[in-house]
Each structure stands twice: as C-alpha cells, then as structure tokens.
Amino acid sequence: MVSTMIDALWGWPPPVLDPAGPYSGKVTTLAWSLFGLGAFVTLVVVLALWVAIKGPDKWKAKLGGERAIWLGGVAFPGVVLTALLVWGLTLTASLTEPIHGDEMRIRVTGEMWWFRVQYLDPSGAVVMEDANEIHIPVGRPVVLELESADVIHSFWVPHLSGKKDMIPGRRTLLRIEADRPGEFGGVCAEYCGRQHALMGFVAVAHEDDDFREWYAERNERLVSAGRGIATPEEPLSASMTVASEQSADSRPDAGADANSDQLSGQQLFMQSGCGACHRVAGTEANGLAGPDLTHIGSRRTLGAGILPNNRGTLIGWIGDSQSLKPGNRMPSYDMLNADELEAIAIWLEQQR
C-alpha cells in the first residue's frame, strides 16, 4: 500500500512510461516515438555541427548549399511533422471517442488544494462522496466528470490516462481504465496557486470481486446511517446491493461510539466547529466546504496525498495544518491540547 501520492509516483520506470491501462498505453507509445525522433534529430544536428566545424571543405560546401537547406531545413521537417501529426491523432483517437452513457461515472472537482470525489448513479445523482482517492474496477472504462470550484486545475493520473483541464463553470470528460490492480498516484498538472505542488490523489484499481466488496462496505456504512447508495440500475450494483443488504444488519450504528474516547472525540469534533466544514454520515456534522470525512479512516493519505494516514499524522494535521500545508483553507487547531487532538484522531480513525 502506498503511503502518499509521492510514493505512488516515484520509482522506475516513471509512471508516464509505465502504462496500466489502454488509454495511457497509447500516450506512452506516442511519447516513446517522440523521444526516439527527438534523439534522431539531435544526432543529425550534432553531426551537421561537426561537419560545419571539423569536416572537409567539400562537405562544408554541400552542407551550406541551397539544396541541403531546402531538403534538410524545409522538406524533411515538413514531411516528418505532418506524418507524425496524422499518426498521433489516429493513435490517440480513442481518448476523445463519444461517451456512450453506460460507463461508471465519477465526478471530480478540483479545489484549492484538494480533489472532491463524488460517485454518481446512472441518472447523475451523487450516491457517495470521498476526497483525494478514487476507486475503480479493473478492465472497465470509467468516465470522470471534471469540474473546478475556483481556479483552473488539471487532472492527471499518468498510469491510467492523459491530462485534462478542470475549468470553472465547465464540465470536461475524461476516460480512464486500468488493466491491472494497483495504486496509482495522480496530481494537479496545472499551476493553481501556492500549494499546487502539494495537490495530489491516489487512484486504486480493484479486481472486480474486490471492487464489489469495497463498494458494499461503503454502502453498508451509509445504510447504517440511513442513507443507502446502491440502486438496481447502477452499473455493477446488482451483486453489490445484495452484499450490502446481507451485511448491513451486522454493522453498528454510525453514530454509536465504541468507547469513551470515541465519544469524547466526536463531542470535541462538533464543539470545535469541525462539523461546519466537514460531513460525517450518521452524525450532525454536515458541512460542505471541506472534504467529506465519512470514510477518512480507510483513506491512504491525508492533506491531498502529502501524508500517510495514521493517528500521528491525523493529530499533526488537525493541530497545525498550516505548518504542513501553508495557505490551505483549514485553520490550525492549536487551541486543543494533546489529549483532545488524540481523542478526535481516534474517533476519525473509526470512520470507515
């Protein structure tokens, strides 16, 4: 399991050259072709420079002749670039194919500096919310509806597809698909302000059965909070609905507390005003300004991919998020003591 989106992006080969799906595979093929052509052109230029400086006079005369200029400086680039353009557009045509409407859909909204994630049913209604983490099934195309709540962002998960801008007031569509399970780092690829470099996410691709299990667990939590998410029409939902209904009765109520620490943590969470910005299903916390925390305990990262998710980093983020990510819209709660911060972190760890 990756600990941050940086871990998911690190290593060799780099993600842009390590496709994990059909859409990214075509981008990688095009990239290697451009690298190869660039290396060839560089070699030609170096050889021409050597001839111009060290070569025989006869070669120098030919290199500086009108014929060489027309062939090497006009005809060759024109033919090669035209052929490359036609081939590149043909190769990547599938990236812009019309959307059929029966694909699984996820709406991702870029905000300064994190990603709001909303899973949609076939009618376009939001059925589940998350943040900075996307879960998809292997072998099935997924359509992302990309939006922005403030400035221009750009969504990019190199292993799975190309880049796509997220523009305020517009909705753009991007297909992604994974052909193997795994965890793949993604970033905002458009400068969007002070913490642009610390705006990331993790995309998790599951085998079909694992994805159904993950979906059922999420649905189970929302059913226990009085808000089921599966519908008979939803893609992949038939077996998910059955699995969720079978396990819903076994889960304790989302608002119930397993111990006094959790009770204290929930009370402190509400008394500190956290519920005004964050939503936790099954509680009175219903804020919309910040990330939905209903499933924060199961997330891999905190702070939009910059920290591993554990009790220590939760405590640090709540207590002094401005030191970790200066300028983000969550204030530091340095008025809380260590015991209070730990109580809130313990409670949040239970939100899965």
# chains A, B, ... in the order shown; residues from 1 in each chain; ligands from 1

call {"tool": "residues_around", "arguments": {"residues": "segment 283-297 of chain A", "least_positions_apart": "4", "cutoff": "8 Å", "atoms": "only C-alpha atoms", "output": "list in words"}}
result
Arg116, Glu129, Asp130, Ala131, Arg218, Ala254, Gly255, Met270, Cys274, Gly275, Ala276, Cys277, His278, Arg279, Asn309, Leu348, Glu349, Gln350, Gln351 and Arg352 of chain A

call {"tool": "write_last_selection", "arguments": {"atoms": "all heavy atoms", "output": "compact mmCIF listing (two decimals), in the first residue's frame"}}
result
# COMPACT_ATOMS: atom_id res chain seq x y z
N ARG A 116 -12.35 16.89 -4.63
CA ARG A 116 -13.62 16.36 -4.13
C ARG A 116 -14.07 15.25 -5.08
O ARG A 116 -14.10 15.43 -6.31
CB ARG A 116 -14.68 17.46 -4.09
CG ARG A 116 -15.99 17.03 -3.43
CD ARG A 116 -17.05 18.13 -3.56
NE ARG A 116 -16.63 19.37 -2.91
CZ ARG A 116 -16.83 19.67 -1.64
NH1 ARG A 116 -17.46 18.80 -0.86
NH2 ARG A 116 -16.42 20.82 -1.14
N GLU A 129 -19.66 10.08 -1.47
CA GLU A 129 -18.63 11.13 -1.56
C GLU A 129 -17.35 10.69 -0.87
O GLU A 129 -17.36 9.91 0.08
CB GLU A 129 -19.14 12.44 -0.94
CG GLU A 129 -20.35 13.01 -1.67
CD GLU A 129 -20.59 14.48 -1.32
OE1 GLU A 129 -19.62 15.15 -0.94
OE2 GLU A 129 -21.74 14.92 -1.43
N ASP A 130 -16.26 11.22 -1.38
CA ASP A 130 -14.95 10.94 -0.81
C ASP A 130 -14.04 12.11 -1.16
O ASP A 130 -14.51 13.13 -1.69
CB ASP A 130 -14.40 9.62 -1.37
CG ASP A 130 -13.50 8.90 -0.38
OD1 ASP A 130 -12.94 9.56 0.52
OD2 ASP A 130 -13.35 7.66 -0.49
N ALA A 131 -12.76 11.97 -0.92
CA ALA A 131 -11.82 13.04 -1.24
C ALA A 131 -10.44 12.47 -1.48
O ALA A 131 -9.99 11.58 -0.74
CB ALA A 131 -11.78 14.08 -0.12
N ARG A 218 -18.72 0.33 1.70
CA ARG A 218 -19.09 1.74 1.75
C ARG A 218 -20.61 1.90 1.86
O ARG A 218 -21.11 2.73 2.61
CB ARG A 218 -18.58 2.46 0.51
CG ARG A 218 -17.06 2.57 0.45
CD ARG A 218 -16.54 3.41 1.62
NE ARG A 218 -15.10 3.52 1.63
CZ ARG A 218 -14.41 4.50 1.07
NH1 ARG A 218 -15.04 5.45 0.41
NH2 ARG A 218 -13.09 4.54 1.16
N ALA A 254 -23.69 4.15 12.81
CA ALA A 254 -22.54 5.04 12.57
C ALA A 254 -22.39 6.07 13.66
O ALA A 254 -21.29 6.55 13.91
CB ALA A 254 -22.70 5.75 11.22
N GLY A 255 -23.52 6.43 14.31
CA GLY A 255 -23.42 7.44 15.35
C GLY A 255 -23.07 6.86 16.70
O GLY A 255 -22.84 7.59 17.66
N MET A 270 -17.40 18.16 17.18
CA MET A 270 -18.54 19.05 16.97
C MET A 270 -18.36 20.37 17.71
O MET A 270 -18.64 21.45 17.16
CB MET A 270 -19.82 18.35 17.44
CG MET A 270 -20.17 17.08 16.66
SD MET A 270 -20.31 17.33 14.87
CE MET A 270 -21.62 18.55 14.81
N CYS A 274 -15.76 21.65 13.71
CA CYS A 274 -15.32 20.89 12.53
C CYS A 274 -16.49 20.50 11.64
O CYS A 274 -16.35 20.42 10.41
CB CYS A 274 -14.57 19.64 12.97
SG CYS A 274 -13.16 19.96 14.06
N GLY A 275 -17.66 20.25 12.27
CA GLY A 275 -18.82 19.83 11.51
C GLY A 275 -19.40 20.92 10.63
O GLY A 275 -20.24 20.64 9.77
N ALA A 276 -18.96 22.16 10.82
CA ALA A 276 -19.44 23.24 9.96
C ALA A 276 -18.82 23.16 8.57
O ALA A 276 -19.39 23.68 7.60
CB ALA A 276 -19.13 24.60 10.59
N CYS A 277 -17.66 22.52 8.46
CA CYS A 277 -16.97 22.41 7.17
C CYS A 277 -16.93 20.99 6.64
O CYS A 277 -16.75 20.79 5.43
CB CYS A 277 -15.54 22.93 7.29
SG CYS A 277 -15.43 24.72 7.53
N HIS A 278 -17.06 20.01 7.52
CA HIS A 278 -16.91 18.61 7.11
C HIS A 278 -18.19 17.83 7.40
O HIS A 278 -18.88 18.07 8.39
CB HIS A 278 -15.76 17.94 7.86
CG HIS A 278 -14.43 18.57 7.60
ND1 HIS A 278 -13.72 18.36 6.43
CD2 HIS A 278 -13.67 19.41 8.36
CE1 HIS A 278 -12.58 19.03 6.48
NE2 HIS A 278 -12.52 19.68 7.64
N ARG A 279 -18.47 16.85 6.55
CA ARG A 279 -19.61 15.98 6.73
C ARG A 279 -19.13 14.61 7.18
O ARG A 279 -18.15 14.08 6.68
CB ARG A 279 -20.39 15.83 5.42
CG ARG A 279 -21.53 14.84 5.47
CD ARG A 279 -22.24 14.72 4.12
NE ARG A 279 -23.21 13.67 4.16
CZ ARG A 279 -22.97 12.39 3.91
NH1 ARG A 279 -21.71 12.02 3.62
NH2 ARG A 279 -23.90 11.46 3.96
N ASN A 309 -1.80 8.17 6.11
CA ASN A 309 -2.92 8.31 7.03
C ASN A 309 -2.73 7.39 8.23
O ASN A 309 -2.89 6.17 8.14
CB ASN A 309 -4.23 7.97 6.30
CG ASN A 309 -5.45 8.25 7.17
OD1 ASN A 309 -5.35 8.77 8.27
ND2 ASN A 309 -6.62 7.91 6.66
N LEU A 348 -11.90 9.78 14.42
CA LEU A 348 -11.85 9.84 12.97
C LEU A 348 -11.31 8.54 12.39
O LEU A 348 -11.72 8.13 11.29
CB LEU A 348 -10.98 11.01 12.52
CG LEU A 348 -11.57 12.41 12.72
CD1 LEU A 348 -10.57 13.49 12.34
CD2 LEU A 348 -12.87 12.58 11.92
N GLU A 349 -10.41 7.86 13.10
CA GLU A 349 -9.89 6.59 12.61
C GLU A 349 -11.01 5.55 12.46
O GLU A 349 -10.91 4.64 11.63
CB GLU A 349 -8.85 6.02 13.58
CG GLU A 349 -7.49 6.68 13.50
CD GLU A 349 -6.51 6.02 14.45
OE1 GLU A 349 -6.89 5.73 15.60
OE2 GLU A 349 -5.38 5.78 14.03
N GLN A 350 -12.06 5.69 13.24
CA GLN A 350 -13.17 4.74 13.18
C GLN A 350 -14.13 5.00 12.02
O GLN A 350 -15.00 4.17 11.73
CB GLN A 350 -13.97 4.79 14.49
CG GLN A 350 -13.14 4.68 15.76
CD GLN A 350 -12.26 3.43 15.77
OE1 GLN A 350 -12.73 2.34 15.43
NE2 GLN A 350 -11.01 3.59 16.17
N GLN A 351 -13.97 6.12 11.37
CA GLN A 351 -14.89 6.50 10.28
C GLN A 351 -14.44 5.82 8.99
O GLN A 351 -13.60 6.32 8.27
CB GLN A 351 -14.96 8.01 10.12
CG GLN A 351 -15.25 8.76 11.40
CD GLN A 351 -16.42 8.18 12.17
OE1 GLN A 351 -17.51 7.98 11.63
NE2 GLN A 351 -16.21 7.89 13.45
N ARG A 352 -15.02 4.67 8.72
CA ARG A 352 -14.63 3.88 7.56
C ARG A 352 -15.84 3.56 6.70
O ARG A 352 -15.72 2.96 5.66
CB ARG A 352 -13.96 2.59 8.01
CG ARG A 352 -12.65 2.84 8.73
CD ARG A 352 -12.03 1.56 9.24
NE ARG A 352 -10.76 1.82 9.89
CZ ARG A 352 -9.60 1.82 9.25
NH1 ARG A 352 -9.55 1.55 7.96
NH2 ARG A 352 -8.47 2.06 9.89

call {"tool": "residues_around", "arguments": {"residues": "Ile176 of chain A", "least_positions_apart": "2", "cutoff": "7 Å", "atoms": "only C-alpha atoms", "output": "MDAnalysis selection string"}}
result
chainID A and resid 23 141:143 160:161 174 178

call {"tool": "write_last_selection", "arguments": {"atoms": "C-alpha atoms", "output": "PDB file, in the first residue's frame"}}
result
ATOM      1  CA  TYR A  23      -5.645   4.903 -22.740  1.00  0.00           C
ATOM      2  CA  PRO A 141     -13.784   2.128 -18.639  1.00  0.00           C
ATOM      3  CA  VAL A 142     -14.722   4.848 -16.151  1.00  0.00           C
ATOM      4  CA  VAL A 143     -15.828   8.331 -17.185  1.00  0.00           C
ATOM      5  CA  LEU A 160      -4.195   5.466 -16.493  1.00  0.00           C
ATOM      6  CA  SER A 161      -4.751   8.296 -18.989  1.00  0.00           C
ATOM      7  CA  LEU A 174     -12.046  12.033 -19.281  1.00  0.00           C
ATOM      8  CA  ALA A 178      -6.899   0.104 -15.541  1.00  0.00           C
TER       9      ALA A 178
END

call {"tool": "closest_residue", "arguments": {"among": "A:Thr28, A:Pro168, A:Gly305, A:Leu49", "to": "Phe115 of chain A", "atoms": "only C-alpha atoms"}}
result
A:Gly305

call {"tool": "closest_residue", "arguments": {"among": "A:Gln195, A:Gln266, A:Thr301, A:Asn219", "to": "Asn328 of chain A", "atoms": "only C-alpha atoms"}}
result
A:Gln195

call {"tool": "residues_around", "arguments": {"residues": "Tyr333 of chain A", "least_positions_apart": "5", "cutoff": "7 Å", "atoms": "only C-alpha atoms", "output": "MDAnalysis selection string"}}
result
chainID A and resid 318:320

call {"tool": "write_last_selection", "arguments": {"atoms": "N, CA and C atoms", "output": "JSON list (two decimals), in the first residue's frame"}}
result
[["chain", "number", "residue", "atom", "x", "y", "z"],
["A", 318, "ILE", "N", -4.63, 18.04, 12.25],
["A", 318, "ILE", "CA", -5.67, 18.79, 12.95],
["A", 318, "ILE", "C", -5.04, 19.93, 13.76],
["A", 319, "GLY", "N", -3.96, 19.63, 14.44],
["A", 319, "GLY", "CA", -3.36, 20.62, 15.32],
["A", 319, "GLY", "C", -2.66, 21.75, 14.61],
["A", 320, "ASP", "N", -2.02, 21.46, 13.46],
["A", 320, "ASP", "CA", -1.23, 22.51, 12.81],
["A", 320, "ASP", "C", -1.13, 22.27, 11.31]]
